[in-house]
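**Student:** So here's structure.cif, just mmCIF, C-alpha atoms; chains and numbers go by the auth columns:
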```cif
data_my_file
loop_
_atom_site.group_PDB
_atom_site.id
_atom_site.type_symbol
_atom_site.label_atom_id
_atom_site.label_comp_id
_atom_site.label_asym_id
_atom_site.label_seq_id
_atom_site.Cartn_x
_atom_site.Cartn_y
_atom_site.Cartn_z
_atom_site.B_iso_or_equiv
_atom_site.auth_seq_id
_atom_site.auth_asym_id
ATOM 1 C CA MET A 1 23.699 110.225 92.432 0.00 1 A
ATOM 2 C CA SER A 2 21.630 113.064 90.997 0.00 2 A
ATOM 3 C CA GLY A 3 19.958 113.196 87.643 0.00 3 A
ATOM 4 C CA ARG A 4 22.696 115.299 86.119 0.00 4 A
ATOM 5 C CA PRO A 5 25.425 113.217 84.436 0.00 5 A
ATOM 6 C CA ALA A 6 28.956 113.687 85.758 0.00 6 A
ATOM 7 C CA ARG A 7 31.178 116.129 83.876 0.00 7 A
ATOM 8 C CA PHE A 8 34.971 116.246 83.870 0.00 8 A
ATOM 9 C CA ASN A 9 35.329 113.088 85.898 0.00 9 A
ATOM 10 C CA GLN A 10 38.630 111.308 85.551 0.00 10 A
ATOM 11 C CA ALA A 11 38.444 108.761 88.317 0.00 11 A
ATOM 12 C CA THR A 12 35.851 106.645 90.059 0.00 12 A
ATOM 13 C CA LEU A 13 35.597 105.884 93.707 0.00 13 A
ATOM 14 C CA ILE A 14 34.029 102.705 95.032 0.00 14 A
ATOM 15 C CA ASP A 15 33.032 102.920 98.658 0.00 15 A
ATOM 16 C CA THR A 16 32.960 99.489 100.240 0.00 16 A
ATOM 17 C CA THR A 17 31.783 100.536 103.699 0.00 17 A
ATOM 18 C CA PRO A 18 28.770 98.357 104.485 0.00 18 A
ATOM 19 C CA LEU A 19 25.516 99.789 105.771 0.00 19 A
ATOM 20 C CA PRO A 20 25.114 100.100 109.565 0.00 20 A
ATOM 21 C CA SER A 21 23.975 96.877 111.179 0.00 21 A
ATOM 22 C CA ASP A 22 20.677 98.300 112.464 0.00 22 A
ATOM 23 C CA ILE A 23 19.362 98.486 108.864 0.00 23 A
ATOM 24 C CA PRO A 24 17.859 95.106 107.878 0.00 24 A
ATOM 25 C CA PRO A 25 19.629 93.856 104.741 0.00 25 A
ATOM 26 C CA VAL A 26 17.520 93.284 101.636 0.00 26 A
ATOM 27 C CA THR A 27 18.983 91.679 98.517 0.00 27 A
ATOM 28 C CA GLU A 28 18.712 93.979 95.539 0.00 28 A
ATOM 29 C CA ILE A 29 16.756 92.865 92.495 0.00 29 A
ATOM 30 C CA GLY A 30 19.009 91.161 89.989 0.00 30 A
ATOM 31 C CA SER A 31 16.917 91.639 86.842 0.00 31 A
ATOM 32 C CA SER A 32 18.224 93.919 84.175 0.00 32 A
ATOM 33 C CA SER A 33 16.332 96.473 82.113 0.00 33 A
ATOM 34 C CA ALA A 34 14.351 94.300 79.657 0.00 34 A
ATOM 35 C CA PRO A 35 12.839 91.843 82.201 0.00 35 A
ATOM 36 C CA LEU A 36 12.029 94.732 84.519 0.00 36 A
ATOM 37 C CA LEU A 37 10.240 96.618 81.753 0.00 37 A
ATOM 38 C CA SER A 38 8.360 93.469 80.810 0.00 38 A
ATOM 39 C CA ALA A 39 7.222 92.839 84.399 0.00 39 A
ATOM 40 C CA SER A 40 6.693 96.508 85.245 0.00 40 A
ATOM 41 C CA PHE A 41 2.909 96.586 84.911 0.00 41 A
ATOM 42 C CA PHE A 42 2.572 93.433 87.019 0.00 42 A
ATOM 43 C CA ILE A 43 4.809 94.958 89.688 0.00 43 A
ATOM 44 C CA GLY A 44 2.551 97.994 89.547 0.00 44 A
ATOM 45 C CA ALA A 45 -0.575 95.875 89.879 0.00 45 A
ATOM 46 C CA ARG A 46 0.664 94.063 92.992 0.00 46 A
ATOM 47 C CA CYS A 47 2.820 96.688 94.679 0.00 47 A
ATOM 48 C CA LYS A 48 0.748 99.836 94.170 0.00 48 A
ATOM 49 C CA PRO A 49 0.303 100.685 97.906 0.00 49 A
ATOM 50 C CA TYR A 50 4.001 100.253 98.705 0.00 50 A
ATOM 51 C CA ASN A 51 5.078 102.225 95.642 0.00 51 A
ATOM 52 C CA ASP A 52 2.678 105.051 96.444 0.00 52 A
ATOM 53 C CA ASP A 53 3.942 105.129 100.050 0.00 53 A
ATOM 54 C CA PHE A 54 7.538 105.385 98.877 0.00 54 A
ATOM 55 C CA MET A 55 6.806 108.137 96.395 0.00 55 A
ATOM 56 C CA GLN A 56 4.841 110.093 98.978 0.00 56 A
ATOM 57 C CA CYS A 57 7.675 109.742 101.500 0.00 57 A
ATOM 58 C CA LYS A 58 10.234 110.946 98.975 0.00 58 A
ATOM 59 C CA SER A 59 8.203 113.958 97.909 0.00 59 A
ATOM 60 C CA GLU A 60 7.452 114.954 101.499 0.00 60 A
ATOM 61 C CA SER A 61 10.956 114.647 102.833 0.00 61 A
ATOM 62 C CA ALA A 62 12.288 117.510 100.717 0.00 62 A
ATOM 63 C CA GLY A 63 15.738 116.310 99.715 0.00 63 A
ATOM 64 C CA LYS A 64 16.495 114.013 102.649 0.00 64 A
ATOM 65 C CA GLY A 65 14.522 111.147 101.153 0.00 65 A
ATOM 66 C CA GLU A 66 17.524 108.924 100.532 0.00 66 A
ATOM 67 C CA VAL A 67 18.071 108.535 104.243 0.00 67 A
ATOM 68 C CA GLU A 68 14.563 108.872 105.636 0.00 68 A
ATOM 69 C CA CYS A 69 12.668 106.630 103.223 0.00 69 A
ATOM 70 C CA LEU A 70 14.802 103.531 103.564 0.00 70 A
ATOM 71 C CA LYS A 71 11.980 101.539 105.199 0.00 71 A
ATOM 72 C CA GLU A 72 9.510 102.241 102.410 0.00 72 A
ATOM 73 C CA GLY A 73 12.231 101.462 99.895 0.00 73 A
ATOM 74 C CA ARG A 74 12.838 98.071 101.479 0.00 74 A
ATOM 75 C CA ARG A 75 9.147 97.289 101.195 0.00 75 A
ATOM 76 C CA VAL A 76 9.153 98.231 97.496 0.00 76 A
ATOM 77 C CA THR A 77 12.165 96.013 96.835 0.00 77 A
ATOM 78 C CA ARG A 78 10.662 93.023 98.626 0.00 78 A
ATOM 79 C CA CYS A 79 7.341 93.328 96.802 0.00 79 A
ATOM 80 C CA ALA A 80 8.916 93.718 93.348 0.00 80 A
ATOM 81 C CA ARG A 81 11.170 90.770 94.091 0.00 81 A
ATOM 82 C CA SER A 82 8.145 88.621 94.960 0.00 82 A
ATOM 83 C CA VAL A 83 6.486 89.499 91.635 0.00 83 A
ATOM 84 C CA ILE A 84 9.590 88.560 89.654 0.00 84 A
ATOM 85 C CA GLU A 85 9.975 85.293 91.554 0.00 85 A
ATOM 86 C CA ASP A 86 6.348 84.358 90.886 0.00 86 A
ATOM 87 C CA VAL A 87 6.553 85.238 87.189 0.00 87 A
ATOM 88 C CA ASN A 88 9.739 83.170 86.908 0.00 88 A
ATOM 89 C CA LYS A 89 8.072 80.236 88.608 0.00 89 A
ATOM 90 C CA HIS A 90 4.864 80.137 86.536 0.00 90 A
ATOM 91 C CA CYS A 91 5.416 81.863 83.188 0.00 91 A
ATOM 92 C CA LEU A 92 9.132 81.634 82.480 0.00 92 A
ATOM 93 C CA GLU A 93 8.912 80.806 78.744 0.00 93 A
ATOM 94 C CA GLU A 94 6.529 83.589 77.769 0.00 94 A
ATOM 95 C CA PHE A 95 8.385 86.020 80.013 0.00 95 A
ATOM 96 C CA ARG A 96 11.717 85.217 78.361 0.00 96 A
ATOM 97 C CA LYS A 97 10.242 85.488 74.858 0.00 97 A
ATOM 98 C CA HIS A 98 8.772 88.881 75.657 0.00 98 A
ATOM 99 C CA TRP A 99 11.878 90.404 77.107 0.00 99 A
ATOM 100 C CA THR A 100 14.105 88.958 74.387 0.00 100 A
ATOM 101 C CA CYS A 101 11.795 90.611 71.853 0.00 101 A
ATOM 102 C CA LEU A 102 11.976 93.902 73.779 0.00 102 A
ATOM 103 C CA ASP A 103 15.749 93.714 73.886 0.00 103 A
ATOM 104 C CA ASN A 104 15.881 93.347 70.118 0.00 104 A
ATOM 105 C CA ASN A 105 13.501 96.235 69.551 0.00 105 A
ATOM 106 C CA ASN A 106 15.045 99.112 71.475 0.00 106 A
ATOM 107 C CA GLN A 107 12.878 98.435 74.565 0.00 107 A
ATOM 108 C CA GLN A 108 9.769 99.601 72.733 0.00 108 A
ATOM 109 C CA LEU A 109 6.685 97.898 74.090 0.00 109 A
ATOM 110 C CA TRP A 110 4.617 98.568 70.979 0.00 110 A
ATOM 111 C CA GLN A 111 6.852 96.388 68.786 0.00 111 A
ATOM 112 C CA CYS A 112 6.277 93.286 70.867 0.00 112 A
ATOM 113 C CA ARG A 113 2.513 93.125 71.357 0.00 113 A
ATOM 114 C CA PRO A 114 1.940 89.469 70.254 0.00 114 A
ATOM 115 C CA ALA A 115 4.415 88.158 72.837 0.00 115 A
ATOM 116 C CA GLU A 116 2.953 90.552 75.399 0.00 116 A
ATOM 117 C CA TRP A 117 -0.591 89.247 74.883 0.00 117 A
ATOM 118 C CA LYS A 118 0.586 85.695 75.575 0.00 118 A
ATOM 119 C CA LEU A 119 2.458 86.807 78.698 0.00 119 A
ATOM 120 C CA ASN A 120 -0.530 88.779 79.969 0.00 120 A
ATOM 121 C CA LYS A 121 -2.804 85.773 79.524 0.00 121 A
ATOM 122 C CA CYS A 122 -0.396 83.447 81.346 0.00 122 A
ATOM 123 C CA VAL A 123 0.146 85.853 84.226 0.00 123 A
ATOM 124 C CA PHE A 124 -3.587 86.511 84.567 0.00 124 A
ATOM 125 C CA ASN A 125 -4.354 82.789 84.675 0.00 125 A
ATOM 126 C CA ASN A 126 -1.660 81.939 87.213 0.00 126 A
ATOM 127 C CA LEU A 127 -1.052 85.043 89.289 0.00 127 A
ATOM 128 C CA LYS A 128 -4.306 86.982 88.815 0.00 128 A
ATOM 129 C CA LEU A 129 -2.372 90.148 87.950 0.00 129 A
ATOM 130 C CA GLU A 130 -3.712 92.237 85.127 0.00 130 A
ATOM 131 C CA LYS A 131 -1.920 94.943 83.193 0.00 131 A
ATOM 132 C CA VAL A 132 -3.862 98.179 83.454 0.00 132 A
ATOM 133 C CA ILE A 133 -2.719 101.460 81.957 0.00 133 A
ATOM 134 C CA PRO A 134 -3.809 104.187 84.388 0.00 134 A
ATOM 135 C CA ASP A 135 -5.771 107.174 83.057 0.00 135 A
ATOM 136 C CA THR A 136 -7.003 105.465 79.900 0.00 136 A
ATOM 137 C CA PRO A 137 -9.954 107.541 78.686 0.00 137 A
ATOM 138 C CA ALA A 138 -13.217 105.675 79.268 0.00 138 A
ATOM 139 C CA GLY A 139 -14.743 104.098 76.191 0.00 139 A
ATOM 140 C CA GLU A 140 -11.454 103.726 74.297 0.00 140 A
ATOM 141 C CA THR A 141 -9.566 100.445 73.943 0.00 141 A
ATOM 142 C CA PRO A 142 -6.279 100.681 75.830 0.00 142 A
ATOM 143 C CA VAL A 143 -3.322 100.844 73.506 0.00 143 A
ATOM 144 C CA HIS A 144 -1.958 97.427 74.442 0.00 144 A
ATOM 145 C CA LEU A 145 -5.217 95.725 73.453 0.00 145 A
ATOM 146 C CA LYS A 146 -5.533 97.261 70.008 0.00 146 A
ATOM 147 C CA ASN A 147 -5.256 94.846 67.112 0.00 147 A
ATOM 148 C CA ARG A 148 -3.165 97.064 64.930 0.00 148 A
ATOM 149 C CA GLN A 149 -0.047 98.915 66.089 0.00 149 A
ATOM 150 C CA THR A 150 0.923 101.541 63.525 0.00 150 A
ATOM 151 C CA TYR A 151 4.649 101.832 62.747 0.00 151 A
ATOM 152 C CA SER A 152 5.536 98.512 64.340 0.00 152 A
ATOM 153 C CA HIS A 153 7.799 96.202 62.378 0.00 153 A
ATOM 154 C CA HIS A 154 5.217 93.460 62.217 0.00 154 A
ATOM 155 C CA GLY A 155 2.600 95.365 60.240 0.00 155 A
ATOM 156 C CA PRO A 156 -1.103 95.566 60.989 0.00 156 A
ATOM 157 C CA MET B 1 13.466 96.215 20.175 0.00 157 B
ATOM 158 C CA GLY B 2 14.480 94.931 23.609 0.00 158 B
ATOM 159 C CA VAL B 3 15.248 96.806 26.827 0.00 159 B
ATOM 160 C CA PRO B 4 18.757 98.404 26.632 0.00 160 B
ATOM 161 C CA PHE B 5 20.088 96.554 29.642 0.00 161 B
ATOM 162 C CA GLU B 6 23.659 97.799 29.174 0.00 162 B
ATOM 163 C CA ALA B 7 22.467 101.246 30.232 0.00 163 B
ATOM 164 C CA LEU B 8 21.144 99.856 33.513 0.00 164 B
ATOM 165 C CA ILE B 9 24.408 98.155 34.516 0.00 165 B
ATOM 166 C CA PRO B 10 25.841 101.281 36.242 0.00 166 B
ATOM 167 C CA TYR B 11 22.667 101.567 38.325 0.00 167 B
ATOM 168 C CA GLY B 12 23.061 97.920 39.241 0.00 168 B
ATOM 169 C CA ILE B 13 26.655 98.546 40.312 0.00 169 B
ATOM 170 C CA MET B 14 25.639 101.530 42.472 0.00 170 B
ATOM 171 C CA LEU B 15 22.831 99.547 44.077 0.00 171 B
ATOM 172 C CA ALA B 16 25.178 96.670 44.820 0.00 172 B
ATOM 173 C CA MET B 17 27.784 98.977 46.370 0.00 173 B
ATOM 174 C CA PHE B 18 25.246 100.713 48.626 0.00 174 B
ATOM 175 C CA GLY B 19 23.743 97.376 49.535 0.00 175 B
ATOM 176 C CA VAL B 20 27.056 95.801 50.494 0.00 176 B
ATOM 177 C CA THR B 21 28.059 98.832 52.557 0.00 177 B
ATOM 178 C CA GLY B 22 24.727 98.944 54.343 0.00 178 B
ATOM 179 C CA ALA B 23 24.681 95.231 55.063 0.00 179 B
ATOM 180 C CA GLY B 24 28.295 95.303 56.260 0.00 180 B
ATOM 181 C CA LEU B 25 27.674 98.220 58.635 0.00 181 B
ATOM 182 C CA SER B 26 24.556 96.536 59.963 0.00 182 B
ATOM 183 C CA LYS B 27 26.467 93.311 60.570 0.00 183 B
ATOM 184 C CA ILE B 28 29.245 95.181 62.383 0.00 184 B
ATOM 185 C CA ARG B 29 26.698 96.942 64.630 0.00 185 B
ATOM 186 C CA HIS B 30 25.014 93.602 65.267 0.00 186 B
ATOM 187 C CA MET B 31 28.289 92.071 66.400 0.00 187 B
ATOM 188 C CA GLN B 32 29.133 95.086 68.539 0.00 188 B
ATOM 189 C CA ASN B 33 25.814 94.789 70.350 0.00 189 B
ATOM 190 C CA GLY B 34 26.169 91.166 71.360 0.00 190 B
ATOM 191 C CA GLY B 35 23.997 89.675 68.609 0.00 191 B
ATOM 192 C CA LYS B 36 21.122 92.119 69.020 0.00 192 B
ATOM 193 C CA ARG B 37 19.923 95.126 67.042 0.00 193 B
ATOM 194 C CA ALA B 38 21.522 98.398 68.057 0.00 194 B
ATOM 195 C CA ARG B 39 19.732 100.788 70.415 0.00 195 B
ATOM 196 C CA HIS B 40 18.830 104.188 69.047 0.00 196 B
ATOM 197 C CA SER B 41 17.438 107.364 70.621 0.00 197 B
ATOM 198 C CA VAL B 42 19.076 106.492 73.920 0.00 198 B
ATOM 199 C CA ASP B 43 18.225 109.077 76.588 0.00 199 B
ATOM 200 C CA GLN B 44 19.454 109.581 80.138 0.00 200 B
ATOM 201 C CA TRP B 45 17.064 106.969 81.578 0.00 201 B
ATOM 202 C CA ASP B 46 18.281 104.402 79.044 0.00 202 B
ATOM 203 C CA ARG B 47 21.903 105.273 79.720 0.00 203 B
ATOM 204 C CA VAL B 48 21.450 104.791 83.457 0.00 204 B
ATOM 205 C CA MET B 49 19.627 101.475 82.909 0.00 205 B
ATOM 206 C CA MET B 50 22.328 100.242 80.516 0.00 206 B
ATOM 207 C CA ASP B 51 24.967 101.180 83.076 0.00 207 B
ATOM 208 C CA ARG B 52 23.042 99.133 85.648 0.00 208 B
ATOM 209 C CA ASP B 53 22.949 96.202 83.217 0.00 209 B
ATOM 210 C CA ARG B 54 26.697 96.438 82.844 0.00 210 B
ATOM 211 C CA ARG B 55 27.105 96.406 86.613 0.00 211 B
ATOM 212 C CA LEU B 56 24.825 93.365 86.854 0.00 212 B
ATOM 213 C CA THR B 57 26.069 91.233 83.999 0.00 213 B
ATOM 214 C CA GLY B 58 29.382 92.664 82.818 0.00 214 B
ATOM 215 C CA TYR B 59 28.093 93.509 79.331 0.00 215 B
ATOM 216 C CA LEU B 60 26.395 96.705 78.248 0.00 216 B
ATOM 217 C CA ARG B 61 23.603 94.759 76.506 0.00 217 B
ATOM 218 C CA GLY B 62 23.596 91.776 78.845 0.00 218 B
ATOM 219 C CA GLN B 63 20.249 90.805 80.350 0.00 219 B
ATOM 220 C CA THR B 64 19.289 88.510 83.195 0.00 220 B
ATOM 221 C CA ASP B 65 15.996 87.789 84.918 0.00 221 B
ATOM 222 C CA ASN B 66 17.347 86.608 88.258 0.00 222 B
ATOM 223 C CA PRO B 67 15.356 87.987 91.187 0.00 223 B
ATOM 224 C CA SER B 68 18.475 88.365 93.363 0.00 224 B
ATOM 225 C CA ALA B 69 21.448 90.491 92.497 0.00 225 B
ATOM 226 C CA PRO B 70 24.902 88.896 92.632 0.00 226 B
ATOM 227 C CA ALA B 71 26.988 89.538 95.739 0.00 227 B
ATOM 228 C CA GLY B 72 28.728 92.890 95.669 0.00 228 B
ATOM 229 C CA PHE B 73 26.158 94.540 93.402 0.00 229 B
ATOM 230 C CA GLU B 74 25.152 96.967 96.140 0.00 230 B
ATOM 231 C CA LEU B 75 28.693 98.249 96.323 0.00 231 B
ATOM 232 C CA ASN B 76 29.831 98.450 92.706 0.00 232 B
ATOM 233 C CA ASN B 77 28.092 101.697 91.738 0.00 233 B
ATOM 234 C CA PRO B 78 30.978 104.133 91.430 0.00 234 B
ATOM 235 C CA TRP B 79 31.096 107.727 92.635 0.00 235 B
ATOM 236 C CA ARG B 80 32.450 109.749 89.738 0.00 236 B
ATOM 237 C CA VAL B 81 35.095 112.099 91.096 0.00 237 B
ATOM 238 C CA SER B 82 36.975 114.734 89.236 0.00 238 B
ATOM 239 C CA ARG B 83 40.483 114.082 90.436 0.00 239 B
#
```
Re-express the file's structure as structure tokens.
**Tutor:**
Amino acid sequence: MSGRPARFNQATLIDTTPLPSDIPPVTEIGSSSAPLLSASFFIGARCKPYNDDFMQCKSESAGKGEVECLKEGRRVTRCARSVIEDVNKHCLEEFRKHWTCLDNNNQQLWQCRPAEWKLNKCVFNNLKLEKVIPDTPAGETPVHLKNRQTYSHHGP
Amino acid sequence: MGVPFEALIPYGIMLAMFGVTGAGLSKIRHMQNGGKRARHSVDQWDRVMMDRDRRLTGYLRGQTDNPSAPAGFELNNPWRVSR
């Protein structure tokens, strides 16, 4: 499944062969795009070592990463799944409001800052995970903490 | 001497026609997107994510925040073949 979209395809093939039994099975994450985007910075805050390991394995394996990096990929899936389970357990209402807002606004994070501030506060109080945007220049407020988001639908 | 309102009636008619068309199109797009605003500027990342949403929930704009995927999700990503 490369990055190039399929051209001239007229049929699809679904391969139902299961994975070999020596690979430990891990349930895939069942969240769709808006909840994943909403929880993405918290997944990054908790799972940074596993994610960095996986990305390093993929870039070093030179094209064979789909087969050789399965172990790191399992770790990434388990960690992300733990973050989503914890957010569901403690902050379900704010989480749902934020991703419903994102879904209505073309998945643009800057349209939904008020709901995001409430979610960040709840997650920080319960799970001690903080959203940090990497490579913010020092001395400047990060963009998600600014009071006024130009061009958003909700005005300054 | 009052405002000649009869001269403004055609402008009113044009405004009403554009307004009705715009509102009707917006309502149709709303209904087509499952009660949500339509997505715009959709790029390859968004297309792949929307395809994943359709595999997860059955609807292109369906969303769920379940941590576990339903059974069979690992297998329902199709290979696109050209024959």
**Student:** Considering all atoms listed in the file, can you say which of A:Leu36, A:Leu109, A:Leu129, A:Cys122 comes closest to chain B?
**Tutor:**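 Once distances to chain B are computed over all atoms listed in the file, the minimum belongs to A:Leu36.
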**Student:** Enumerate, as an MDAnalysis selection string, the residues matched when the PyMOL selection byres ((chain B and resi 200-213) around 12) is run on the file above.
**Tutor:** (chainID A and resid 1:6 28:37 103 106:108) or (chainID B and resid 195:199 214:234)
**Student:** With all atoms listed in the file as the counted atoms, please give the residues lying no more than 7 Å from stretch 188-192 of chain B, apart from itself and same-chain residues fewer than 3 positions off, as a PyMOL selection string.
**Tutor:** (chain A and resi 104) or (chain B and resi 184-185+217)
**Student:** Find the spatial neighbours of A:His90, counting all atoms listed in the file, within a cut-off of 9 Å - ignore same-chain residues fewer than 5 positions away - and output them as JSON, numbers by chain.
**Tutor:** {"A": [85, 122, 123, 126, 127]}
**Student:** Suppose you want the space between atom CA of B:Lys183 and atom CA of A:His154; what is it in Å?
**Tutor:**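 A separation of 21.3 Å between them.
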**Student:** Atom CA of A:Ala39 and atom CA of A:Ser82, how far apart in Å?
**Tutor:**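 Atom CA of A:Ser82 sits 11.4 Å away from atom CA of A:Ala39.
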**Student:** Counting all atoms listed in the file, which residue out of A:Phe95, A:Trp117, A:Phe41, A:Trp110 sits closest to chain B?
**Tutor:**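 Of all the options, A:Phe95 lies closest to chain B.
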**Student:** Using all atoms listed in the file for the distances, tell me which of A:Ile84, A:Leu70, A:Ile43, A:Ala138 is nearest to chain B.
**Tutor:**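 Between A:Ile84, A:Leu70, A:Ile43, A:Ala138, the residue approaching chain B most closely is A:Ile84.
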**Student:** Measure the distance from atom CA of A:Arg74 to atom CA of A:Tyr50 in Å and round it to one decimal.
**Tutor:** 9.5 Å
**Student:** Pick out the closest residue to B:Arg193 from this set: A:Val26, A:Ile133, A:Val143, A:Leu102. Count all atoms listed in the file.
**Tutor:** A:Leu102
**Student:** For A:His153, please output as a CSV table (one decimal) with C-alpha atoms, keeping the file's coordinate frame all residues within 10 Å (counting only C-alpha atoms; exclusion window: fewer than 5 positions along the same chain).
**Tutor:**
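Final output, saved to selection.csv:
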```
chain,number,residue,atom,x,y,z
A,105,ASN,CA,13.5,96.2,69.6
A,110,TRP,CA,4.6,98.6,71.0
A,111,GLN,CA,6.9,96.4,68.8
A,112,CYS,CA,6.3,93.3,70.9
```
**Student:** Identify all residues satisfying the PyMOL selection byres ((chain A and resi 15) around 8) in the given file; provide them as a PyMOL selection string.
**Tutor:** (chain A and resi 13-14+16-17) or (chain B and resi 231+234-235)
**Student:** Keeping only C-alpha atoms, write those residues as a compact mmCIF listing (two decimals), in the frame of the given file.
**Tutor:**
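Saved file selection01.txt follows:
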```txt
# COMPACT_ATOMS: atom_id res chain seq x y z
CA LEU A 13 35.60 105.88 93.71
CA ILE A 14 34.03 102.70 95.03
CA THR A 16 32.96 99.49 100.24
CA THR A 17 31.78 100.54 103.70
CA LEU B 231 28.69 98.25 96.32
CA PRO B 234 30.98 104.13 91.43
CA TRP B 235 31.10 107.73 92.64
```
**Student:** Choose the residue, out of B:Arg236, B:Gly175, B:Pro166, B:Met187, that has the smallest atom-to-atom separation from chain A; count only C-alpha atoms.
**Tutor:**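 The answer is B:Arg236, which sits nearest to chain A.
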**Student:** Give the answer as one residue: which of A:Gln56, A:Asn9, A:Ser40, A:Thr150 has the shortest atom-to-atom distance to chain B, using only C-alpha atoms?
**Tutor:** A:Asn9
